[in-house]
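S.K.: What follows is my_file34.txt, made up of compact mmCIF, all heavy atoms:
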```txt
# COMPACT_ATOMS: atom_id res chain seq x y z
N MET B 1 -3.34 1.34 -8.72
CA MET B 1 -2.00 1.40 -8.17
C MET B 1 -1.64 2.84 -7.79
O MET B 1 -1.07 3.07 -6.75
CB MET B 1 -1.02 0.83 -9.18
CG MET B 1 0.34 0.60 -8.63
SD MET B 1 0.35 -0.54 -7.27
CE MET B 1 1.33 -1.84 -7.88
N CYS B 2 -2.00 3.76 -8.65
CA CYS B 2 -1.71 5.17 -8.38
C CYS B 2 -2.43 5.64 -7.12
O CYS B 2 -1.87 6.40 -6.34
CB CYS B 2 -2.09 6.01 -9.58
SG CYS B 2 -1.76 7.76 -9.36
N ALA B 3 -3.66 5.17 -6.93
CA ALA B 3 -4.42 5.56 -5.75
C ALA B 3 -3.74 5.07 -4.47
O ALA B 3 -3.76 5.77 -3.45
CB ALA B 3 -5.84 5.01 -5.84
N GLY B 4 -3.13 3.91 -4.52
CA GLY B 4 -2.41 3.39 -3.36
C GLY B 4 -1.22 4.25 -3.00
O GLY B 4 -0.98 4.56 -1.82
N PHE B 5 -0.45 4.65 -4.01
CA PHE B 5 0.70 5.52 -3.75
C PHE B 5 0.25 6.90 -3.26
O PHE B 5 0.87 7.49 -2.39
CB PHE B 5 1.57 5.68 -5.00
CG PHE B 5 2.28 4.42 -5.38
CD1 PHE B 5 2.25 3.97 -6.68
CD2 PHE B 5 2.98 3.67 -4.45
CE1 PHE B 5 2.89 2.81 -7.05
CE2 PHE B 5 3.63 2.51 -4.80
CZ PHE B 5 3.59 2.08 -6.11
N ALA B 6 -0.84 7.40 -3.83
CA ALA B 6 -1.35 8.70 -3.40
C ALA B 6 -1.81 8.64 -1.94
O ALA B 6 -1.54 9.56 -1.16
CB ALA B 6 -2.49 9.14 -4.31
N ALA B 7 -2.48 7.56 -1.58
CA ALA B 7 -2.93 7.41 -0.20
C ALA B 7 -1.76 7.28 0.77
O ALA B 7 -1.76 7.87 1.85
CB ALA B 7 -3.85 6.19 -0.08
N ALA B 8 -0.75 6.52 0.38
CA ALA B 8 0.44 6.37 1.23
C ALA B 8 1.17 7.70 1.38
O ALA B 8 1.64 8.04 2.47
CB ALA B 8 1.36 5.30 0.67
N ASN B 9 1.29 8.46 0.29
CA ASN B 9 1.93 9.77 0.37
C ASN B 9 1.14 10.73 1.25
O ASN B 9 1.72 11.47 2.05
CB ASN B 9 2.10 10.37 -1.03
CG ASN B 9 3.39 9.96 -1.67
OD1 ASN B 9 4.39 9.76 -1.00
ND2 ASN B 9 3.37 9.82 -2.98
N ALA B 10 -0.18 10.73 1.11
CA ALA B 10 -1.02 11.60 1.94
C ALA B 10 -0.89 11.21 3.41
O ALA B 10 -0.78 12.08 4.29
CB ALA B 10 -2.47 11.51 1.49
N ALA B 11 -0.86 9.92 3.70
CA ALA B 11 -0.70 9.46 5.08
C ALA B 11 0.66 9.87 5.63
O ALA B 11 0.78 10.32 6.78
CB ALA B 11 -0.86 7.95 5.16
N TRP B 12 1.70 9.75 4.81
CA TRP B 12 3.05 10.09 5.26
C TRP B 12 3.16 11.59 5.55
O TRP B 12 3.70 11.99 6.58
CB TRP B 12 4.06 9.66 4.21
CG TRP B 12 5.48 9.93 4.57
CD1 TRP B 12 6.06 9.84 5.80
CD2 TRP B 12 6.51 10.36 3.69
NE1 TRP B 12 7.39 10.17 5.72
CE2 TRP B 12 7.70 10.49 4.44
CE3 TRP B 12 6.56 10.61 2.33
CZ2 TRP B 12 8.90 10.88 3.88
CZ3 TRP B 12 7.77 10.99 1.78
CH2 TRP B 12 8.92 11.13 2.54
N VAL B 13 2.66 12.40 4.66
CA VAL B 13 2.73 13.86 4.86
C VAL B 13 1.94 14.26 6.09
O VAL B 13 2.40 15.05 6.93
CB VAL B 13 2.25 14.61 3.60
CG1 VAL B 13 2.04 16.08 3.89
CG2 VAL B 13 3.22 14.42 2.46
N THR B 14 0.74 13.70 6.24
CA THR B 14 -0.08 14.01 7.42
C THR B 14 0.63 13.59 8.69
O THR B 14 0.67 14.34 9.67
CB THR B 14 -1.44 13.31 7.31
OG1 THR B 14 -2.07 13.73 6.09
CG2 THR B 14 -2.33 13.64 8.48
N TRP B 15 1.16 12.38 8.70
CA TRP B 15 1.86 11.88 9.88
C TRP B 15 3.09 12.74 10.18
O TRP B 15 3.37 13.06 11.34
CB TRP B 15 2.27 10.43 9.68
CG TRP B 15 2.82 9.80 10.90
CD1 TRP B 15 4.14 9.64 11.21
CD2 TRP B 15 2.10 9.27 12.01
NE1 TRP B 15 4.27 9.04 12.43
CE2 TRP B 15 3.04 8.80 12.94
CE3 TRP B 15 0.76 9.15 12.30
CZ2 TRP B 15 2.66 8.22 14.13
CZ3 TRP B 15 0.39 8.57 13.49
CH2 TRP B 15 1.34 8.12 14.39
N ALA B 16 3.84 13.14 9.15
CA ALA B 16 5.03 13.95 9.35
C ALA B 16 4.69 15.32 9.93
O ALA B 16 5.43 15.86 10.76
CB ALA B 16 5.78 14.11 8.03
N VAL B 17 3.58 15.89 9.51
CA VAL B 17 3.17 17.20 10.03
C VAL B 17 2.75 17.10 11.49
O VAL B 17 3.01 18.00 12.29
CB VAL B 17 2.02 17.78 9.16
CG1 VAL B 17 1.36 18.96 9.83
CG2 VAL B 17 2.54 18.16 7.80
N LEU B 18 2.13 15.98 11.87
CA LEU B 18 1.59 15.85 13.22
C LEU B 18 2.59 15.34 14.26
O LEU B 18 2.34 15.44 15.45
CB LEU B 18 0.38 14.92 13.20
CG LEU B 18 -0.81 15.44 12.39
CD1 LEU B 18 -1.91 14.39 12.36
CD2 LEU B 18 -1.33 16.75 12.95
N THR B 19 3.73 14.79 13.83
CA THR B 19 4.70 14.27 14.79
C THR B 19 5.73 15.33 15.14
O THR B 19 6.11 16.16 14.31
CB THR B 19 5.44 13.03 14.24
OG1 THR B 19 6.04 13.35 13.00
CG2 THR B 19 4.51 11.86 14.06
N PRO B 20 6.20 15.32 16.38
CA PRO B 20 7.23 16.29 16.77
C PRO B 20 8.58 15.96 16.11
O PRO B 20 8.78 14.87 15.59
CB PRO B 20 7.32 16.12 18.28
CG PRO B 20 6.70 14.82 18.59
CD PRO B 20 5.77 14.49 17.48
N ALA B 21 9.50 16.93 16.16
CA ALA B 21 10.79 16.74 15.50
C ALA B 21 11.60 15.61 16.14
O ALA B 21 12.31 14.90 15.44
CB ALA B 21 11.59 18.04 15.56
N GLU B 22 11.50 15.45 17.41
CA GLU B 22 12.24 14.39 18.12
C GLU B 22 11.36 13.16 18.30
O GLU B 22 10.71 12.99 19.31
CB GLU B 22 12.71 14.90 19.48
CG GLU B 22 13.70 16.04 19.41
CD GLU B 22 15.03 15.59 18.80
OE1 GLU B 22 15.46 14.46 19.04
OE2 GLU B 22 15.62 16.41 18.08
N THR B 23 11.31 12.31 17.29
CA THR B 23 10.49 11.11 17.39
C THR B 23 11.35 9.90 17.70
O THR B 23 12.47 9.79 17.23
CB THR B 23 9.71 10.84 16.09
OG1 THR B 23 10.63 10.71 15.02
CG2 THR B 23 8.75 11.96 15.79
N ARG B 24 10.78 8.98 18.45
CA ARG B 24 11.47 7.73 18.80
C ARG B 24 10.42 6.64 18.87
O ARG B 24 9.23 6.89 19.00
CB ARG B 24 12.16 7.87 20.14
CG ARG B 24 13.35 8.79 20.11
CD ARG B 24 14.21 8.57 21.35
NE ARG B 24 15.48 9.21 21.19
CZ ARG B 24 15.79 10.42 21.64
NH1 ARG B 24 14.88 11.11 22.29
NH2 ARG B 24 16.98 10.92 21.45
N GLY B 25 10.88 5.42 18.81
CA GLY B 25 10.01 4.28 19.01
C GLY B 25 9.01 4.08 17.89
O GLY B 25 9.35 4.10 16.72
N ALA B 26 7.74 3.90 18.27
CA ALA B 26 6.69 3.57 17.30
C ALA B 26 6.46 4.70 16.30
O ALA B 26 6.22 4.45 15.13
CB ALA B 26 5.40 3.25 18.04
N GLU B 27 6.53 5.95 16.76
CA GLU B 27 6.33 7.07 15.83
C GLU B 27 7.40 7.08 14.75
O GLU B 27 7.12 7.30 13.58
CB GLU B 27 6.33 8.40 16.58
CG GLU B 27 5.11 8.61 17.45
CD GLU B 27 5.18 9.92 18.20
OE1 GLU B 27 6.30 10.43 18.43
OE2 GLU B 27 4.11 10.43 18.55
N PHE B 28 8.65 6.83 15.14
CA PHE B 28 9.74 6.78 14.17
C PHE B 28 9.54 5.60 13.21
O PHE B 28 9.77 5.72 12.01
CB PHE B 28 11.09 6.66 14.87
CG PHE B 28 12.24 6.54 13.92
CD1 PHE B 28 12.70 7.65 13.24
CD2 PHE B 28 12.85 5.32 13.70
CE1 PHE B 28 13.75 7.55 12.35
CE2 PHE B 28 13.90 5.21 12.82
CZ PHE B 28 14.36 6.33 12.14
N ALA B 29 9.10 4.46 13.73
CA ALA B 29 8.88 3.28 12.90
C ALA B 29 7.79 3.54 11.86
O ALA B 29 7.92 3.13 10.70
CB ALA B 29 8.52 2.08 13.77
N VAL B 30 6.72 4.23 12.25
CA VAL B 30 5.65 4.55 11.30
C VAL B 30 6.16 5.51 10.24
O VAL B 30 5.88 5.34 9.05
CB VAL B 30 4.42 5.13 12.03
CG1 VAL B 30 3.40 5.67 11.05
CG2 VAL B 30 3.79 4.06 12.91
N ASP B 31 6.93 6.52 10.64
CA ASP B 31 7.52 7.44 9.66
C ASP B 31 8.39 6.69 8.66
O ASP B 31 8.29 6.90 7.45
CB ASP B 31 8.38 8.50 10.36
CG ASP B 31 7.56 9.59 11.02
OD1 ASP B 31 6.38 9.73 10.67
OD2 ASP B 31 8.11 10.28 11.89
N LEU B 32 9.24 5.82 9.18
CA LEU B 32 10.13 5.07 8.31
C LEU B 32 9.36 4.14 7.39
O LEU B 32 9.66 4.05 6.19
CB LEU B 32 11.13 4.27 9.16
CG LEU B 32 12.19 3.48 8.41
CD1 LEU B 32 13.07 4.43 7.60
CD2 LEU B 32 13.03 2.68 9.37
N LEU B 33 8.36 3.46 7.90
CA LEU B 33 7.56 2.54 7.09
C LEU B 33 6.84 3.28 5.96
O LEU B 33 6.87 2.84 4.81
CB LEU B 33 6.56 1.80 7.97
CG LEU B 33 5.63 0.84 7.23
CD1 LEU B 33 6.43 -0.33 6.66
CD2 LEU B 33 4.56 0.34 8.15
N LEU B 34 6.20 4.39 6.27
CA LEU B 34 5.50 5.14 5.24
C LEU B 34 6.47 5.68 4.19
O LEU B 34 6.17 5.69 3.00
CB LEU B 34 4.70 6.28 5.86
CG LEU B 34 3.45 5.86 6.62
CD1 LEU B 34 2.85 7.04 7.37
CD2 LEU B 34 2.43 5.25 5.70
N MET B 35 7.64 6.12 4.62
CA MET B 35 8.63 6.62 3.67
C MET B 35 9.11 5.50 2.75
O MET B 35 9.23 5.67 1.54
CB MET B 35 9.81 7.23 4.41
CG MET B 35 10.85 7.84 3.48
SD MET B 35 12.21 8.62 4.35
CE MET B 35 12.99 7.23 5.12
N LEU B 36 9.37 4.32 3.32
CA LEU B 36 9.84 3.20 2.51
C LEU B 36 8.76 2.72 1.54
O LEU B 36 9.07 2.40 0.38
CB LEU B 36 10.29 2.05 3.41
CG LEU B 36 11.60 2.28 4.15
CD1 LEU B 36 11.87 1.12 5.12
CD2 LEU B 36 12.74 2.42 3.17
N VAL B 37 7.53 2.66 2.00
CA VAL B 37 6.44 2.21 1.12
C VAL B 37 6.29 3.14 -0.08
O VAL B 37 6.19 2.69 -1.21
CB VAL B 37 5.11 2.10 1.91
CG1 VAL B 37 3.92 1.99 0.97
CG2 VAL B 37 5.16 0.92 2.84
N THR B 38 6.31 4.43 0.17
CA THR B 38 6.12 5.38 -0.92
C THR B 38 7.33 5.42 -1.85
O THR B 38 7.18 5.45 -3.07
CB THR B 38 5.82 6.79 -0.40
OG1 THR B 38 6.85 7.21 0.47
CG2 THR B 38 4.49 6.83 0.31
N THR B 39 8.53 5.40 -1.29
CA THR B 39 9.73 5.50 -2.12
C THR B 39 10.00 4.22 -2.89
O THR B 39 10.16 4.23 -4.12
CB THR B 39 10.94 5.86 -1.25
OG1 THR B 39 10.65 7.06 -0.54
CG2 THR B 39 12.18 6.05 -2.09
N LEU B 40 10.07 3.10 -2.18
CA LEU B 40 10.38 1.84 -2.85
C LEU B 40 9.23 1.35 -3.71
O LEU B 40 9.45 0.75 -4.76
CB LEU B 40 10.77 0.79 -1.82
CG LEU B 40 12.03 1.11 -1.01
CD1 LEU B 40 12.28 0.02 0.02
CD2 LEU B 40 13.23 1.28 -1.91
N GLY B 41 8.01 1.61 -3.27
CA GLY B 41 6.86 1.21 -4.07
C GLY B 41 6.80 1.95 -5.40
O GLY B 41 6.55 1.36 -6.45
N ALA B 42 7.06 3.24 -5.38
CA ALA B 42 7.06 4.02 -6.61
C ALA B 42 8.21 3.59 -7.53
O ALA B 42 8.04 3.49 -8.75
CB ALA B 42 7.16 5.51 -6.30
N ALA B 43 9.37 3.31 -6.95
CA ALA B 43 10.50 2.86 -7.76
C ALA B 43 10.22 1.50 -8.39
O ALA B 43 10.50 1.27 -9.57
CB ALA B 43 11.76 2.79 -6.91
N ALA B 44 9.65 0.58 -7.63
CA ALA B 44 9.32 -0.74 -8.17
C ALA B 44 8.26 -0.63 -9.26
O ALA B 44 8.34 -1.31 -10.29
CB ALA B 44 8.82 -1.65 -7.04
N HIS B 45 7.28 0.24 -9.06
CA HIS B 45 6.26 0.43 -10.08
C HIS B 45 6.86 0.98 -11.36
O HIS B 45 6.52 0.54 -12.46
CB HIS B 45 5.18 1.38 -9.55
CG HIS B 45 4.04 1.55 -10.49
ND1 HIS B 45 3.99 2.57 -11.39
CD2 HIS B 45 2.93 0.80 -10.68
CE1 HIS B 45 2.88 2.46 -12.10
NE2 HIS B 45 2.22 1.39 -11.68
N ALA B 46 7.78 1.93 -11.24
CA ALA B 46 8.43 2.49 -12.42
C ALA B 46 9.27 1.45 -13.15
O ALA B 46 9.33 1.43 -14.38
CB ALA B 46 9.30 3.68 -12.03
N LEU B 47 9.90 0.55 -12.41
CA LEU B 47 10.74 -0.47 -13.03
C LEU B 47 9.94 -1.58 -13.69
O LEU B 47 10.28 -2.05 -14.77
CB LEU B 47 11.67 -1.09 -11.99
CG LEU B 47 12.83 -0.22 -11.52
CD1 LEU B 47 13.55 -0.90 -10.37
CD2 LEU B 47 13.80 0.01 -12.67
N PHE B 48 8.89 -2.03 -13.04
CA PHE B 48 8.21 -3.23 -13.49
C PHE B 48 6.89 -3.01 -14.20
O PHE B 48 6.38 -3.92 -14.84
CB PHE B 48 7.98 -4.17 -12.30
CG PHE B 48 9.26 -4.60 -11.65
CD1 PHE B 48 9.53 -4.24 -10.34
CD2 PHE B 48 10.20 -5.33 -12.34
CE1 PHE B 48 10.71 -4.62 -9.74
CE2 PHE B 48 11.39 -5.71 -11.75
CZ PHE B 48 11.65 -5.35 -10.45
N ALA B 49 6.31 -1.83 -14.12
CA ALA B 49 5.02 -1.59 -14.76
C ALA B 49 5.10 -0.54 -15.85
O ALA B 49 4.09 0.01 -16.26
CB ALA B 49 3.99 -1.16 -13.71
N GLY B 50 6.29 -0.26 -16.32
CA GLY B 50 6.47 0.74 -17.35
C GLY B 50 5.98 0.27 -18.71
O GLY B 50 5.58 -0.88 -18.89
N PRO B 51 5.97 1.15 -19.69
CA PRO B 51 5.46 0.80 -21.02
C PRO B 51 6.30 -0.26 -21.74
O PRO B 51 5.82 -0.89 -22.66
CB PRO B 51 5.48 2.13 -21.78
CG PRO B 51 6.45 2.97 -21.05
CD PRO B 51 6.41 2.52 -19.62
N GLY B 52 7.51 -0.50 -21.33
CA GLY B 52 8.35 -1.50 -21.97
C GLY B 52 8.03 -2.91 -21.54
O GLY B 52 8.63 -3.87 -22.01
N ARG B 53 7.07 -3.12 -20.66
CA ARG B 53 6.75 -4.44 -20.13
C ARG B 53 5.49 -5.04 -20.76
O ARG B 53 4.79 -5.80 -20.14
CB ARG B 53 6.55 -4.37 -18.61
CG ARG B 53 7.77 -3.96 -17.87
CD ARG B 53 8.72 -5.11 -17.83
NE ARG B 53 9.90 -4.72 -17.07
CZ ARG B 53 10.89 -5.53 -16.83
NH1 ARG B 53 10.86 -6.76 -17.25
NH2 ARG B 53 11.93 -5.11 -16.16
N ARG B 54 5.22 -4.73 -22.02
CA ARG B 54 4.06 -5.31 -22.69
C ARG B 54 4.36 -6.75 -23.10
O ARG B 54 5.50 -7.12 -23.31
CB ARG B 54 3.72 -4.50 -23.93
CG ARG B 54 3.13 -3.16 -23.62
CD ARG B 54 2.61 -2.53 -24.90
NE ARG B 54 2.30 -1.15 -24.62
CZ ARG B 54 3.14 -0.15 -24.82
NH1 ARG B 54 4.34 -0.38 -25.30
NH2 ARG B 54 2.80 1.08 -24.54
N ALA B 55 3.32 -7.51 -23.24
CA ALA B 55 3.48 -8.89 -23.69
C ALA B 55 3.96 -8.89 -25.14
O ALA B 55 3.64 -7.99 -25.93
CB ALA B 55 2.15 -9.64 -23.59
N ALA B 56 4.73 -9.87 -25.49
CA ALA B 56 5.26 -9.96 -26.85
C ALA B 56 4.11 -10.05 -27.84
O ALA B 56 3.17 -10.83 -27.67
CB ALA B 56 6.16 -11.18 -26.99
N GLY B 57 4.16 -9.24 -28.85
CA GLY B 57 3.14 -9.25 -29.89
C GLY B 57 1.93 -8.38 -29.59
O GLY B 57 1.09 -8.20 -30.45
N ALA B 58 1.83 -7.85 -28.40
CA ALA B 58 0.70 -7.00 -28.07
C ALA B 58 0.95 -5.60 -28.64
O ALA B 58 2.01 -5.04 -28.46
CB ALA B 58 0.52 -6.89 -26.57
N PRO B 59 -0.02 -5.07 -29.39
CA PRO B 59 0.18 -3.74 -29.97
C PRO B 59 0.15 -2.65 -28.90
O PRO B 59 -0.50 -2.78 -27.88
CB PRO B 59 -1.01 -3.59 -30.93
CG PRO B 59 -2.05 -4.49 -30.37
CD PRO B 59 -1.31 -5.64 -29.72
N ALA B 60 0.89 -1.61 -29.16
CA ALA B 60 0.91 -0.46 -28.25
C ALA B 60 -0.43 0.27 -28.34
O ALA B 60 -1.16 0.15 -29.32
CB ALA B 60 2.05 0.48 -28.63
N ALA B 61 -0.75 1.01 -27.31
CA ALA B 61 -2.01 1.77 -27.30
C ALA B 61 -2.01 2.76 -28.46
O ALA B 61 -1.06 3.50 -28.66
CB ALA B 61 -2.16 2.50 -25.97
N GLY B 62 -3.07 2.77 -29.23
CA GLY B 62 -3.20 3.68 -30.35
C GLY B 62 -2.57 3.20 -31.63
O GLY B 62 -2.69 3.81 -32.67
N ALA B 63 -1.84 2.08 -31.57
CA ALA B 63 -1.19 1.54 -32.78
C ALA B 63 -2.21 0.75 -33.59
O ALA B 63 -3.10 0.10 -33.05
CB ALA B 63 -0.03 0.64 -32.39
N GLU B 64 -2.07 0.84 -34.88
CA GLU B 64 -3.00 0.09 -35.75
C GLU B 64 -2.28 -0.93 -36.56
O GLU B 64 -1.20 -0.90 -36.90
CB GLU B 64 -3.72 1.06 -36.67
CG GLU B 64 -4.61 1.98 -35.87
CD GLU B 64 -5.36 2.94 -36.76
OE1 GLU B 64 -5.67 2.59 -37.90
OE2 GLU B 64 -5.63 4.03 -36.30
```
Output the file's structure as structure tokens, nothing else.

M.R.:
Amino acid sequence: MCAGFAAANAAWVTWAVLTPAETRGAEFAVDLLLMLVTTLGAAAHALFAGPGRRAAGAPAAGAE
């Protein structure tokens, strides 16, 4: 999952560096899509895949 977010962030930064300041149309849509994927994806991952989402009765890592 982390690799997916890292790849999306790298793509977004690369795309942002290569596009001119005045973007419209498809270039703007790609910028917006990459920004939404990285921002909302990271937020959803933090909400739903955090350490508080273990199955009931499952011991925590390192617990004996």

S.K.: Which one is closest to B:Asn9: B:Ala21, B:Ala49, B:Leu34, B:Ala26? Count all atoms listed in the file.

M.R.: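 Distance minimum relative to B:Asn9 lands on B:Leu34.
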
S.K.: As a PyMOL selection string, list the residues of stretch 7-43 of chain B assigned to alpha helix (DSSP H) by DSSP on the backbone atoms of this structure.

M.R.: chain B and resi 7-18+26-43

S.K.: Report, in Å with one decimal, the straight-line distance from atom N of B:Leu32 to atom OG1 of B:Thr19.

M.R.: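 Spanning atom N of B:Leu32 to atom OG1 of B:Thr19 is a straight-line distance of 9.0 Å.
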
S.K.: Hey, can you check how far atom C of B:Leu47 sits from atom CZ of B:Phe5?

M.R.: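 Taking atom C of B:Leu47 as the start and atom CZ of B:Phe5 as the end point, the length is 10.5 Å.
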
S.K.: Please define a box with edges along x, y and z of the file around all atoms of stretch 17-27 of chain B given in the file, extend it by 4 Å on each side, and return its centre and edge lengths in Å to one decimal, as JSON.

M.R.:
```
{"center_x": 7.5, "center_y": 11.1, "center_z": 15.0, "size_x": 26.9, "size_y": 23.7, "size_z": 22.5}
```

S.K.: Figure out the distance between atom OG1 of B:Thr38 and atom O of B:Ala8, please, to one decimal in Å.

M.R.: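 Atom O of B:Ala8 sits 5.6 Å away from atom OG1 of B:Thr38.
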
S.K.: If we count all atoms listed in the file, what is near B:Asp31 at a cut-off of 6 Å, once residues fewer than 4 positions away on the same chain are taken out, given as number ranges by chain?

M.R.: B: 12, 15-16, 19-20, 23, 26-27, 35-36

S.K.: Restrict the selected residues to all heavy atoms and save them as a CSV table (one decimal), keeping the file's coordinate frame.

M.R.:
```
chain,number,residue,atom,x,y,z
B,12,TRP,N,1.7,9.8,4.8
B,12,TRP,CA,3.0,10.1,5.3
B,12,TRP,C,3.2,11.6,5.6
B,12,TRP,O,3.7,12.0,6.6
B,12,TRP,CB,4.1,9.7,4.2
B,12,TRP,CG,5.5,9.9,4.6
B,12,TRP,CD1,6.1,9.8,5.8
B,12,TRP,CD2,6.5,10.4,3.7
B,12,TRP,NE1,7.4,10.2,5.7
B,12,TRP,CE2,7.7,10.5,4.4
B,12,TRP,CE3,6.6,10.6,2.3
B,12,TRP,CZ2,8.9,10.9,3.9
B,12,TRP,CZ3,7.8,11.0,1.8
B,12,TRP,CH2,8.9,11.1,2.5
B,15,TRP,N,1.2,12.4,8.7
B,15,TRP,CA,1.9,11.9,9.9
B,15,TRP,C,3.1,12.7,10.2
B,15,TRP,O,3.4,13.1,11.3
B,15,TRP,CB,2.3,10.4,9.7
B,15,TRP,CG,2.8,9.8,10.9
B,15,TRP,CD1,4.1,9.6,11.2
B,15,TRP,CD2,2.1,9.3,12.0
B,15,TRP,NE1,4.3,9.0,12.4
B,15,TRP,CE2,3.0,8.8,12.9
B,15,TRP,CE3,0.8,9.2,12.3
B,15,TRP,CZ2,2.7,8.2,14.1
B,15,TRP,CZ3,0.4,8.6,13.5
B,15,TRP,CH2,1.3,8.1,14.4
B,16,ALA,N,3.8,13.1,9.2
B,16,ALA,CA,5.0,14.0,9.4
B,16,ALA,C,4.7,15.3,9.9
B,16,ALA,O,5.4,15.9,10.8
B,16,ALA,CB,5.8,14.1,8.0
B,19,THR,N,3.7,14.8,13.8
B,19,THR,CA,4.7,14.3,14.8
B,19,THR,C,5.7,15.3,15.1
B,19,THR,O,6.1,16.2,14.3
B,19,THR,CB,5.4,13.0,14.2
B,19,THR,OG1,6.0,13.4,13.0
B,19,THR,CG2,4.5,11.9,14.1
B,20,PRO,N,6.2,15.3,16.4
B,20,PRO,CA,7.2,16.3,16.8
B,20,PRO,C,8.6,16.0,16.1
B,20,PRO,O,8.8,14.9,15.6
B,20,PRO,CB,7.3,16.1,18.3
B,20,PRO,CG,6.7,14.8,18.6
B,20,PRO,CD,5.8,14.5,17.5
B,23,THR,N,11.3,12.3,17.3
B,23,THR,CA,10.5,11.1,17.4
B,23,THR,C,11.4,9.9,17.7
B,23,THR,O,12.5,9.8,17.2
B,23,THR,CB,9.7,10.8,16.1
B,23,THR,OG1,10.6,10.7,15.0
B,23,THR,CG2,8.8,12.0,15.8
B,26,ALA,N,7.7,3.9,18.3
B,26,ALA,CA,6.7,3.6,17.3
B,26,ALA,C,6.5,4.7,16.3
B,26,ALA,O,6.2,4.4,15.1
B,26,ALA,CB,5.4,3.2,18.0
B,27,GLU,N,6.5,6.0,16.8
B,27,GLU,CA,6.3,7.1,15.8
B,27,GLU,C,7.4,7.1,14.8
B,27,GLU,O,7.1,7.3,13.6
B,27,GLU,CB,6.3,8.4,16.6
B,27,GLU,CG,5.1,8.6,17.4
B,27,GLU,CD,5.2,9.9,18.2
B,27,GLU,OE1,6.3,10.4,18.4
B,27,GLU,OE2,4.1,10.4,18.6
B,35,MET,N,7.6,6.1,4.6
B,35,MET,CA,8.6,6.6,3.7
B,35,MET,C,9.1,5.5,2.8
B,35,MET,O,9.2,5.7,1.5
B,35,MET,CB,9.8,7.2,4.4
B,35,MET,CG,10.8,7.8,3.5
B,35,MET,SD,12.2,8.6,4.4
B,35,MET,CE,13.0,7.2,5.1
B,36,LEU,N,9.4,4.3,3.3
B,36,LEU,CA,9.8,3.2,2.5
B,36,LEU,C,8.8,2.7,1.5
B,36,LEU,O,9.1,2.4,0.4
B,36,LEU,CB,10.3,2.0,3.4
B,36,LEU,CG,11.6,2.3,4.2
B,36,LEU,CD1,11.9,1.1,5.1
B,36,LEU,CD2,12.7,2.4,3.2
```
